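Have a look at my_file_5.cif; it's mmCIF, C-alpha atoms and all ligand atoms:
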data_coords
#
loop_
_atom_site.group_PDB
_atom_site.id
_atom_site.type_symbol
_atom_site.label_atom_id
_atom_site.label_comp_id
_atom_site.auth_asym_id
_atom_site.auth_seq_id
_atom_site.Cartn_x
_atom_site.Cartn_y
_atom_site.Cartn_z
ATOM 1 C CA MET A 7 -15.676 -0.425 1.321
ATOM 2 C CA ILE A 8 -13.769 -3.662 1.302
ATOM 3 C CA GLU A 9 -11.372 -3.715 -1.645
ATOM 4 C CA LEU A 10 -8.594 -6.090 -2.624
ATOM 5 C CA PRO A 11 -6.188 -5.345 0.296
ATOM 6 C CA GLU A 12 -8.861 -5.724 2.975
ATOM 7 C CA ALA A 13 -10.221 -8.917 1.399
ATOM 8 C CA ILE A 14 -6.699 -10.374 1.600
ATOM 9 C CA VAL A 15 -6.246 -9.268 5.215
ATOM 10 C CA ILE A 16 -9.653 -10.562 6.376
ATOM 11 C CA SER A 17 -9.249 -13.913 4.599
ATOM 12 C CA LYS A 18 -5.923 -14.434 6.300
ATOM 13 C CA GLN A 19 -7.417 -13.616 9.686
ATOM 14 C CA ILE A 20 -10.285 -16.057 9.087
ATOM 15 C CA ASN A 21 -7.702 -18.720 8.245
ATOM 16 C CA ASP A 22 -5.649 -17.971 11.337
ATOM 17 C CA GLU A 23 -8.524 -17.622 13.757
ATOM 18 C CA LEU A 24 -11.562 -19.551 12.511
ATOM 19 C CA LYS A 25 -10.177 -22.562 10.669
ATOM 20 C CA GLY A 26 -11.400 -25.798 12.249
ATOM 21 C CA LYS A 27 -14.333 -24.232 14.080
ATOM 22 C CA THR A 28 -17.741 -25.930 13.764
ATOM 23 C CA VAL A 29 -20.858 -23.867 13.099
ATOM 24 C CA LYS A 30 -23.347 -24.348 15.933
ATOM 25 C CA SER A 31 -25.956 -21.956 14.553
ATOM 26 C CA ALA A 32 -26.233 -19.636 11.568
ATOM 27 C CA ILE A 33 -28.622 -16.714 11.333
ATOM 28 C CA ARG A 34 -28.924 -14.613 8.229
ATOM 29 C CA GLY A 35 -31.570 -12.026 7.571
ATOM 30 C CA GLN A 36 -32.253 -11.027 11.164
ATOM 31 C CA ASN A 37 -32.160 -7.458 9.861
ATOM 32 C CA PRO A 38 -33.112 -7.730 6.213
ATOM 33 C CA HIS A 39 -31.020 -5.495 3.985
ATOM 34 C CA ARG A 40 -32.059 -4.536 0.488
ATOM 35 C CA PHE A 41 -28.570 -4.874 -0.888
ATOM 36 C CA ALA A 42 -27.444 -7.995 0.914
ATOM 37 C CA PHE A 43 -26.478 -10.410 -1.854
ATOM 38 C CA THR A 44 -27.622 -13.789 -0.584
ATOM 39 C CA GLY A 45 -27.712 -16.198 -3.527
ATOM 40 C CA LYS A 46 -30.291 -18.894 -4.169
ATOM 41 C CA TYR A 47 -30.754 -20.255 -0.656
ATOM 42 C CA SER A 48 -33.418 -18.905 1.675
ATOM 43 C CA ASP A 49 -32.436 -17.775 5.154
ATOM 44 C CA LYS A 50 -33.988 -20.987 6.532
ATOM 45 C CA ASP A 51 -32.013 -23.209 4.138
ATOM 46 C CA PHE A 52 -28.933 -21.188 4.962
ATOM 47 C CA SER A 53 -29.273 -21.998 8.661
ATOM 48 C CA GLU A 54 -29.978 -25.673 8.052
ATOM 49 C CA ILE A 55 -27.128 -26.168 5.605
ATOM 50 C CA LEU A 56 -24.500 -24.512 7.759
ATOM 51 C CA ILE A 57 -25.213 -26.221 11.083
ATOM 52 C CA GLY A 58 -22.428 -28.696 11.883
ATOM 53 C CA LYS A 59 -20.212 -27.527 9.023
ATOM 54 C CA ILE A 60 -16.535 -26.966 9.711
ATOM 55 C CA ILE A 61 -14.570 -23.966 8.463
ATOM 56 C CA LYS A 62 -11.844 -25.393 6.264
ATOM 57 C CA LYS A 63 -10.121 -22.351 4.811
ATOM 58 C CA SER A 64 -10.614 -18.877 3.441
ATOM 59 C CA TRP A 65 -9.195 -17.038 0.483
ATOM 60 C CA PRO A 66 -9.842 -13.754 -1.305
ATOM 61 C CA ASN A 67 -10.873 -13.249 -4.885
ATOM 62 C CA GLY A 68 -10.833 -9.563 -5.769
ATOM 63 C CA ASN A 69 -12.901 -7.849 -3.103
ATOM 64 C CA VAL A 70 -14.796 -11.051 -2.276
ATOM 65 C CA ILE A 71 -13.873 -13.185 0.735
ATOM 66 C CA LEU A 72 -14.585 -16.875 0.317
ATOM 67 C CA VAL A 73 -14.910 -19.283 3.227
ATOM 68 C CA GLN A 74 -14.904 -23.015 2.535
ATOM 69 C CA LEU A 75 -17.171 -25.219 4.683
ATOM 70 C CA ASP A 76 -17.592 -28.877 3.637
ATOM 71 C CA GLY A 77 -18.972 -28.624 0.105
ATOM 72 C CA TYR A 78 -20.253 -25.080 0.443
ATOM 73 C CA LEU A 79 -18.777 -21.618 0.219
ATOM 74 C CA LEU A 80 -19.746 -18.647 2.246
ATOM 75 C CA SER A 81 -19.108 -15.513 0.249
ATOM 76 C CA LEU A 82 -18.541 -12.229 2.093
ATOM 77 C CA GLY A 83 -17.148 -8.797 1.311
ATOM 78 C CA CYS A 84 -17.698 -7.096 -2.036
ATOM 79 C CA GLY A 85 -18.811 -3.793 -0.545
ATOM 80 C CA GLY A 86 -19.346 -1.945 2.694
ATOM 81 C CA GLU A 87 -19.217 -4.606 5.334
ATOM 82 C CA ARG A 88 -18.049 -4.962 8.857
ATOM 83 C CA ILE A 89 -16.964 -8.524 9.395
ATOM 84 C CA LEU A 90 -16.238 -9.077 13.060
ATOM 85 C CA TYR A 91 -15.032 -11.948 15.180
ATOM 86 C CA HIS A 92 -16.361 -12.063 18.736
ATOM 87 C CA LYS A 93 -14.877 -13.925 21.645
ATOM 88 C CA HIS A 94 -17.739 -12.737 23.844
ATOM 89 C CA GLU A 95 -21.440 -12.664 23.119
ATOM 90 C CA LYS A 96 -21.767 -9.165 24.522
ATOM 91 C CA THR A 97 -19.795 -7.610 21.655
ATOM 92 C CA ILE A 98 -22.241 -8.881 19.011
ATOM 93 C CA PRO A 99 -23.867 -5.864 17.325
ATOM 94 C CA LYS A 100 -27.640 -5.496 17.750
ATOM 95 C CA LYS A 101 -28.185 -5.286 14.005
ATOM 96 C CA HIS A 102 -26.479 -7.691 11.684
ATOM 97 C CA GLN A 103 -27.067 -9.503 8.424
ATOM 98 C CA LEU A 104 -25.149 -12.599 9.464
ATOM 99 C CA LEU A 105 -24.398 -14.274 12.770
ATOM 100 C CA LEU A 106 -22.438 -17.488 12.964
ATOM 101 C CA GLU A 107 -22.086 -19.126 16.335
ATOM 102 C CA PHE A 108 -19.281 -21.634 16.718
ATOM 103 C CA ASP A 109 -19.120 -24.601 19.049
ATOM 104 C CA ASP A 110 -16.535 -22.900 21.271
ATOM 105 C CA GLN A 111 -18.849 -19.942 22.034
ATOM 106 C CA THR A 112 -17.169 -17.567 19.644
ATOM 107 C CA TYR A 113 -19.002 -15.760 16.857
ATOM 108 C CA LEU A 114 -18.669 -14.085 13.488
ATOM 109 C CA THR A 115 -20.981 -11.277 12.437
ATOM 110 C CA VAL A 116 -21.444 -9.320 9.232
ATOM 111 C CA THR A 117 -23.100 -5.931 9.180
ATOM 112 C CA ILE A 118 -23.679 -4.341 5.822
ATOM 113 C CA SER A 119 -23.739 -0.667 4.972
ATOM 114 C CA GLY A 120 -24.398 0.057 1.331
ATOM 115 C CA TRP A 121 -24.205 -3.382 -0.155
ATOM 116 C CA GLY A 122 -22.351 -6.627 0.375
ATOM 117 C CA GLU A 123 -22.219 -10.388 0.149
ATOM 118 C CA VAL A 124 -23.693 -12.866 2.629
ATOM 119 C CA ARG A 125 -24.055 -15.545 -0.006
ATOM 120 C CA LEU A 126 -24.036 -19.292 0.299
ATOM 121 C CA LEU A 127 -23.166 -21.345 -2.748
ATOM 122 C CA GLU A 128 -22.046 -24.837 -3.510
ATOM 123 C CA THR A 129 -18.308 -25.030 -4.029
ATOM 124 C CA LYS A 130 -18.837 -26.458 -7.506
ATOM 125 C CA ASP A 131 -20.657 -23.250 -8.488
ATOM 126 C CA LEU A 132 -17.720 -20.961 -7.711
ATOM 127 C CA ALA A 133 -16.993 -20.274 -11.387
ATOM 128 C CA LYS A 134 -20.534 -18.901 -11.699
ATOM 129 C CA HIS A 135 -20.187 -16.468 -8.788
ATOM 130 C CA PRO A 136 -21.829 -13.264 -10.055
ATOM 131 C CA HIS A 137 -19.595 -10.844 -8.143
ATOM 132 C CA ILE A 138 -16.200 -12.222 -9.005
ATOM 133 C CA PRO A 139 -15.111 -10.550 -12.237
ATOM 134 C CA TYR A 140 -13.130 -13.432 -13.660
ATOM 135 C CA ASP A 141 -12.429 -11.439 -16.809
ATOM 136 C CA LYS A 142 -10.412 -8.860 -14.867
ATOM 137 C CA VAL A 143 -6.778 -9.291 -13.848
ATOM 138 C CA ASP A 144 -5.884 -9.371 -10.148
ATOM 139 C CA PRO A 145 -3.264 -6.600 -9.798
ATOM 140 C CA LEU A 146 -1.415 -8.414 -7.009
ATOM 141 C CA SER A 147 -1.240 -11.715 -8.850
ATOM 142 C CA GLU A 148 1.776 -12.940 -10.800
ATOM 143 C CA GLU A 149 -0.372 -12.719 -13.872
ATOM 144 C CA PHE A 150 -0.310 -8.914 -13.639
ATOM 145 C CA THR A 151 2.994 -7.955 -15.228
ATOM 146 C CA LEU A 152 4.177 -4.730 -16.802
ATOM 147 C CA SER A 153 3.731 -6.235 -20.247
ATOM 148 C CA ILE A 154 0.147 -7.317 -19.437
ATOM 149 C CA PHE A 155 -0.552 -3.840 -18.101
ATOM 150 C CA LYS A 156 0.794 -2.225 -21.267
ATOM 151 C CA LYS A 157 -1.172 -4.698 -23.351
ATOM 152 C CA LEU A 158 -4.412 -3.802 -21.557
ATOM 153 C CA VAL A 159 -3.780 -0.141 -22.360
ATOM 154 C CA LYS A 160 -3.003 -0.971 -25.986
ATOM 155 C CA MET A 161 -6.232 -2.930 -26.262
ATOM 156 C CA LEU A 162 -8.361 0.102 -25.351
ATOM 157 C CA PRO A 163 -10.672 1.073 -28.206
ATOM 158 C CA GLU A 164 -8.950 3.661 -30.361
ATOM 159 C CA LYS A 165 -11.686 6.241 -30.596
ATOM 160 C CA LYS A 166 -13.182 5.910 -27.131
ATOM 161 C CA LYS A 167 -11.771 7.912 -24.234
ATOM 162 C CA CYS A 168 -10.648 6.057 -21.146
ATOM 163 C CA SER A 169 -9.353 7.882 -18.090
ATOM 164 C CA ALA A 170 -7.083 6.331 -15.475
ATOM 165 C CA LYS A 171 -9.978 5.945 -13.032
ATOM 166 C CA LYS A 172 -12.192 4.302 -15.620
ATOM 167 C CA PHE A 173 -9.378 1.984 -16.672
ATOM 168 C CA PHE A 174 -8.637 0.841 -13.126
ATOM 169 C CA ILE A 175 -12.252 0.317 -12.061
ATOM 170 C CA THR A 176 -14.285 -0.660 -15.112
ATOM 171 C CA GLU A 177 -12.679 -0.635 -18.550
ATOM 172 C CA PRO A 178 -11.150 -3.162 -18.380
ATOM 173 C CA GLY A 179 -10.902 -2.767 -14.589
ATOM 174 C CA LEU A 180 -8.593 -4.583 -12.203
ATOM 175 C CA ARG A 181 -10.042 -7.227 -9.928
ATOM 176 C CA GLY A 182 -10.863 -5.964 -6.440
ATOM 177 C CA ILE A 183 -10.009 -2.349 -7.235
ATOM 178 C CA GLY A 184 -12.537 0.363 -6.458
ATOM 179 C CA ASN A 185 -12.750 4.075 -5.860
ATOM 180 C CA GLY A 186 -10.923 3.786 -2.529
ATOM 181 C CA VAL A 187 -7.467 2.385 -3.228
ATOM 182 C CA ILE A 188 -7.004 4.250 -6.521
ATOM 183 C CA GLN A 189 -6.767 7.658 -4.806
ATOM 184 C CA ASP A 190 -3.332 7.112 -3.277
ATOM 185 C CA ILE A 191 -2.147 4.973 -6.192
ATOM 186 C CA PHE A 192 -2.736 7.885 -8.573
ATOM 187 C CA PHE A 193 -1.259 10.406 -6.156
ATOM 188 C CA TYR A 194 1.985 8.496 -5.717
ATOM 189 C CA SER A 195 2.076 7.801 -9.454
ATOM 190 C CA LYS A 196 1.709 11.547 -10.125
ATOM 191 C CA ILE A 197 -1.201 10.799 -12.408
ATOM 192 C CA HIS A 198 -4.515 12.598 -12.324
ATOM 193 C CA PRO A 199 -7.539 10.251 -12.184
ATOM 194 C CA LYS A 200 -8.898 11.962 -15.298
ATOM 195 C CA THR A 201 -5.735 11.465 -17.340
ATOM 196 C CA GLU A 202 -6.362 9.706 -20.615
ATOM 197 C CA MET A 203 -4.698 6.278 -20.347
ATOM 198 C CA LYS A 204 -3.690 6.183 -24.009
ATOM 199 C CA SER A 205 -1.808 9.469 -23.630
ATOM 200 C CA LEU A 206 0.586 8.082 -21.001
ATOM 201 C CA SER A 207 4.199 7.562 -22.009
ATOM 202 C CA THR A 208 6.012 4.279 -21.462
ATOM 203 C CA LYS A 209 7.701 5.868 -18.460
ATOM 204 C CA ASP A 210 4.365 6.988 -16.996
ATOM 205 C CA LEU A 211 2.912 3.515 -17.464
ATOM 206 C CA GLU A 212 5.904 1.916 -15.803
ATOM 207 C CA ARG A 213 5.616 4.264 -12.844
ATOM 208 C CA LEU A 214 1.875 3.652 -12.581
ATOM 209 C CA PHE A 215 2.369 -0.103 -12.738
ATOM 210 C CA GLU A 216 5.127 -0.122 -10.094
ATOM 211 C CA THR A 217 3.163 2.186 -7.792
ATOM 212 C CA THR A 218 -0.004 0.125 -8.136
ATOM 213 C CA ARG A 219 1.805 -3.035 -7.040
ATOM 214 C CA LYS A 220 3.760 -1.261 -4.325
ATOM 215 C CA GLU A 221 0.883 0.636 -2.716
ATOM 216 C CA LEU A 222 -1.523 -2.320 -2.822
ATOM 217 C CA GLN A 223 1.113 -4.533 -1.209
ATOM 218 C CA LYS A 224 1.743 -1.867 1.417
ATOM 219 C CA MET A 225 -1.993 -1.753 2.176
ATOM 220 C CA VAL A 226 -1.983 -5.527 2.644
ATOM 221 C CA ASP A 227 1.179 -5.523 4.771
ATOM 222 C CA LEU A 228 -0.260 -2.822 7.030
ATOM 223 C CA GLY A 229 -3.491 -4.714 7.642
ATOM 224 C CA GLY A 230 -5.640 -2.663 5.245
ATOM 225 C CA ARG A 231 -6.428 1.027 4.931
ATOM 226 C CA ASP A 232 -7.072 3.198 7.991
ATOM 227 C CA CYS A 233 -10.757 3.629 7.019
ATOM 228 C CA GLU A 234 -11.459 -0.095 7.200
ATOM 229 C CA LYS A 235 -11.629 -2.531 10.114
ATOM 230 C CA ASP A 236 -10.329 -6.053 10.399
ATOM 231 C CA ILE A 237 -12.175 -8.930 12.106
ATOM 232 C CA PHE A 238 -10.747 -7.845 15.467
ATOM 233 C CA ASN A 239 -12.371 -4.423 15.053
ATOM 234 C CA GLN A 240 -8.974 -2.780 14.494
ATOM 235 C CA ASN A 241 -8.453 -0.149 11.844
ATOM 236 C CA GLY A 242 -5.929 -0.845 9.138
ATOM 237 C CA ARG A 243 -2.556 0.875 9.562
ATOM 238 C CA TYR A 244 -2.184 2.106 5.998
ATOM 239 C CA GLN A 245 -2.617 5.847 6.313
ATOM 240 C CA ARG A 246 -4.324 7.285 3.294
ATOM 241 C CA ILE A 247 -3.152 10.591 1.873
ATOM 242 C CA MET A 248 -6.025 11.325 -0.479
ATOM 243 C CA HIS A 249 -9.395 11.203 1.251
ATOM 244 C CA SER A 250 -12.255 13.444 2.355
ATOM 245 C CA LYS A 251 -10.504 14.888 5.403
ATOM 246 C CA ALA A 252 -7.472 15.932 3.332
ATOM 247 C CA VAL A 253 -9.526 18.300 1.179
ATOM 248 C CA ASN A 254 -8.217 21.888 1.362
ATOM 249 C CA THR A 255 -5.080 20.894 3.251
ATOM 250 C CA SER A 256 -1.651 21.336 1.621
ATOM 251 C CA CYS A 257 -0.357 18.562 -0.563
ATOM 252 C CA PRO A 258 2.299 16.642 1.427
ATOM 253 C CA VAL A 259 4.647 16.596 -1.586
ATOM 254 C CA CYS A 260 4.592 20.067 -3.164
ATOM 255 C CA LYS A 261 3.459 21.699 0.118
ATOM 256 C CA THR A 262 1.775 24.543 -1.744
ATOM 257 C CA THR A 263 -1.256 23.323 -3.639
ATOM 258 C CA LEU A 264 -4.387 22.432 -1.713
ATOM 259 C CA ILE A 265 -5.873 18.987 -2.176
ATOM 260 C CA LYS A 266 -9.071 19.106 -4.172
ATOM 261 C CA LYS A 267 -12.165 16.948 -4.343
ATOM 262 C CA LYS A 268 -14.366 16.464 -7.385
ATOM 263 C CA GLN A 269 -17.186 14.147 -8.302
ATOM 264 C CA TYR A 270 -16.121 12.007 -11.198
ATOM 265 C CA LEU A 271 -17.555 8.771 -12.611
ATOM 266 C CA GLY A 272 -19.902 7.985 -9.753
ATOM 267 C CA GLY A 273 -17.618 8.815 -6.828
ATOM 268 C CA ALA A 274 -15.306 11.462 -5.407
ATOM 269 C CA ILE A 275 -11.742 11.866 -6.582
ATOM 270 C CA TYR A 276 -9.070 13.572 -4.479
ATOM 271 C CA PHE A 277 -5.977 15.016 -6.085
ATOM 272 C CA CYS A 278 -3.237 17.632 -6.135
ATOM 273 C CA SER A 279 -3.528 19.599 -9.368
ATOM 274 C CA SER A 280 0.208 20.453 -9.281
ATOM 275 C CA CYS A 281 1.623 16.994 -8.622
ATOM 276 C CA GLN A 282 -0.891 15.008 -10.647
ATOM 277 C CA MET A 283 -0.803 16.022 -14.258
ATOM 278 C CA VAL A 284 -3.770 15.939 -16.590
ATOM 279 C CA LEU A 285 -2.876 15.394 -20.191
ATOM 280 C CA PRO A 286 -5.194 16.543 -22.964
HETATM 281 ZN ZN ZN A 301 1.213 18.451 -4.764
#
Would you mind writing the structure in this file as structure tokens?
Amino acid sequence: MIELPEAIVISKQINDELKGKTVKSAIRGQNPHRFAFTGKYSDKDFSEILIGKIIKKSWPNGNVILVQLDGYLLSLGCGGERILYHKHEKTIPKKHQLLLEFDDQTYLTVTISGWGEVRLLETKDLAKHPHIPYDKVDPLSEEFTLSIFKKLVKMLPEKKKCSAKKFFITEPGLRGIGNGVIQDIFFYSKIHPKTEMKSLSTKDLERLFETTRKELQKMVDLGGRDCEKDIFNQNGRYQRIMHSKAVNTSCPVCKTTLIKKKQYLGGAIYFCSSCQMVLP
């Protein structure tokens, strides 16, 4: 799943590699996908609008990748997507939900697994984009400071429980953060995903804040996580510690406890029950 770090990496690559290219043809919906988020334009309109448009720039917003083309935005990402750049026609996958052909005989394809964006919208409608949670703070932005983080915790409803995982993903949630990147963030923070946010001490919160910034930045600097691909079909170089293949292997820190997996809040969590405390 594309999350904040991968959206940043892919946007940068689109800027470096695709900026200035003109769309020669645009095909969406060759392999209809139930959870391809397309927006208001039909596949036919999509093709007609994009022909002749020039790629101006790209930028990320949370886990969404936006591509500016004369008056319109192409919105990608937001889920399980493979976004690939092709210098040769022969590397184009047989099944795809988006194929852009450029005037220099290079291509961009998007193949969705799960769900994802292949949306076209007018640039003026960006504020109404349904999959950009504008109410959430981007954890890599300057806006996300330790005092804002502490304030978000303070604002949690008094009587309602809110675990670390819930806080990071949904209540209030951080923009672009999903069940993938939180695993290592919590491990390095020594915080169990089920830990009640309101029970954390000032020191715990500071460590969690610092680790969140540090690990996310590391993921960006290393071209994304090792489970995700960039537009050149290369895996990210950020090696995850907490993931499915680590289950039942020794924790790399305490060396004694085995890493566990549990289903929690609609997705697996991976953790070391010695290193990552759970407070009542
Ligand atoms: Zn451990």
Atomic separation - atom CA of A:Pro163 relative to atom CA of A:Glu221, Å: 28.0 Å
Which of these, A:Ile8, A:Cys260, A:Val253, A:Leu126, has the shortest distance to ligand ZN 301 (chain A) once you count all atoms listed in the file? A:Cys260
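Selection result for the displayed file, with the PyMOL selection byres (((chain A and resi 195-208) around 7) and not hetatm) as criterion, is Val159, Lys167, Cys168, Ser169, Ala170, Lys171, Ile191, Phe192, Phe193, Tyr194, Lys209, Asp210, Leu211, Glu212, Arg213, Leu214, Thr217, Phe277, Cys281, Gln282, Met283, Val284 and Leu285 of chain A.
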Mind dumping the selected residues with C-alpha atoms as a PDB file, keeping the file's coordinate frame?
ATOM      1  CA  VAL A 159      -3.780  -0.141 -22.360  1.00  0.00           C
ATOM      2  CA  LYS A 167     -11.771   7.912 -24.234  1.00  0.00           C
ATOM      3  CA  CYS A 168     -10.648   6.057 -21.146  1.00  0.00           C
ATOM      4  CA  SER A 169      -9.353   7.882 -18.090  1.00  0.00           C
ATOM      5  CA  ALA A 170      -7.083   6.331 -15.475  1.00  0.00           C
ATOM      6  CA  LYS A 171      -9.978   5.945 -13.032  1.00  0.00           C
ATOM      7  CA  ILE A 191      -2.147   4.973  -6.192  1.00  0.00           C
ATOM      8  CA  PHE A 192      -2.736   7.885  -8.573  1.00  0.00           C
ATOM      9  CA  PHE A 193      -1.259  10.406  -6.156  1.00  0.00           C
ATOM     10  CA  TYR A 194       1.985   8.496  -5.717  1.00  0.00           C
ATOM     11  CA  LYS A 209       7.701   5.868 -18.460  1.00  0.00           C
ATOM     12  CA  ASP A 210       4.365   6.988 -16.996  1.00  0.00           C
ATOM     13  CA  LEU A 211       2.912   3.515 -17.464  1.00  0.00           C
ATOM     14  CA  GLU A 212       5.904   1.916 -15.803  1.00  0.00           C
ATOM     15  CA  ARG A 213       5.616   4.264 -12.844  1.00  0.00           C
ATOM     16  CA  LEU A 214       1.875   3.652 -12.581  1.00  0.00           C
ATOM     17  CA  THR A 217       3.163   2.186  -7.792  1.00  0.00           C
ATOM     18  CA  PHE A 277      -5.977  15.016  -6.085  1.00  0.00           C
ATOM     19  CA  CYS A 281       1.623  16.994  -8.622  1.00  0.00           C
ATOM     20  CA  GLN A 282      -0.891  15.008 -10.647  1.00  0.00           C
ATOM     21  CA  MET A 283      -0.803  16.022 -14.258  1.00  0.00           C
ATOM     22  CA  VAL A 284      -3.770  15.939 -16.590  1.00  0.00           C
ATOM     23  CA  LEU A 285      -2.876  15.394 -20.191  1.00  0.00           C
TER      24      LEU A 285
END
Using only C-alpha atoms and all ligand atoms, what table do you get, as JSON lines, when you list each residue of chain A with an atom no more than 6 Å from ligand ZN 301 (chain A), its nearest pair of atoms, and their distance in Å rounded to one decimal, rows by chain then rising number?
{"residue": "A:Cys257", "atom": "CA", "partner": "A:ZN301", "partner_atom": "ZN", "distance": 4.5}
{"residue": "A:Val259", "atom": "CA", "partner": "A:ZN301", "partner_atom": "ZN", "distance": 5.0}
{"residue": "A:Cys260", "atom": "CA", "partner": "A:ZN301", "partner_atom": "ZN", "distance": 4.1}
{"residue": "A:Thr263", "atom": "CA", "partner": "A:ZN301", "partner_atom": "ZN", "distance": 5.6}
{"residue": "A:Cys278", "atom": "CA", "partner": "A:ZN301", "partner_atom": "ZN", "distance": 4.7}
{"residue": "A:Ser280", "atom": "CA", "partner": "A:ZN301", "partner_atom": "ZN", "distance": 5.0}
{"residue": "A:Cys281", "atom": "CA", "partner": "A:ZN301", "partner_atom": "ZN", "distance": 4.1}
Quick one: which residues end up in the PyMOL selection byres (((chain A and resi 15) around 10) and not hetatm) for this structure, as a ChimeraX atom specification? /A:10-14,16-20,65-66,71,225-230,235-237,242
Name the residues that the PyMOL selection byres (((chain A and resi 107) around 8) and not hetatm) pulls out of this structure, and write them as a PyMOL selection string. chain A and resi 29-32+105-106+108-109+111-114
What are the closest atom pairs, with distances in Å to one decimal, for all residues of stretch 44-113 of chain A lying within 10 Å of stretch 138-148 of chain A? Consider all atoms listed in the file, order rows by chain and residue number, and present the result as a Markdown table.
| residue | atom | partner | partner_atom | distance |
| --- | --- | --- | --- | --- |
| A:Asn67 | CA | A:Ile138 | CA | 6.8 |
| A:Gly68 | CA | A:Asp144 | CA | 6.6 |
| A:Asn69 | CA | A:Ile138 | CA | 8.1 |
| A:Val70 | CA | A:Ile138 | CA | 7.0 |
| A:Cys84 | CA | A:Ile138 | CA | 8.8 |
I need the chosen residues saved as a compact mmCIF listing (two decimals), keeping the file's coordinate frame, with C-alpha atoms.
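The result, stored in part.txt:
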# COMPACT_ATOMS: atom_id res chain seq x y z
CA ASN A 67 -10.87 -13.25 -4.88
CA GLY A 68 -10.83 -9.56 -5.77
CA ASN A 69 -12.90 -7.85 -3.10
CA VAL A 70 -14.80 -11.05 -2.28
CA CYS A 84 -17.70 -7.10 -2.04
Record the distance separating atom CA of A:Leu271 and atom CA of A:Ile188, expressed in Å with one decimal. 13.0 Å
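Atom CA of A:His102 is found 13.8 Å from atom CA of A:Phe43.
Distance check against A:Leu79 using only C-alpha atoms: of A:Leu104, A:Ile265, A:Ile55, A:Leu127, the minimum falls on A:Leu127.
When all atoms listed in the file are used to compute distances to A:Leu264, the closest of the residues A:Gln240, A:Ser48, A:Thr218, A:Ser279 turns out to be A:Ser279.
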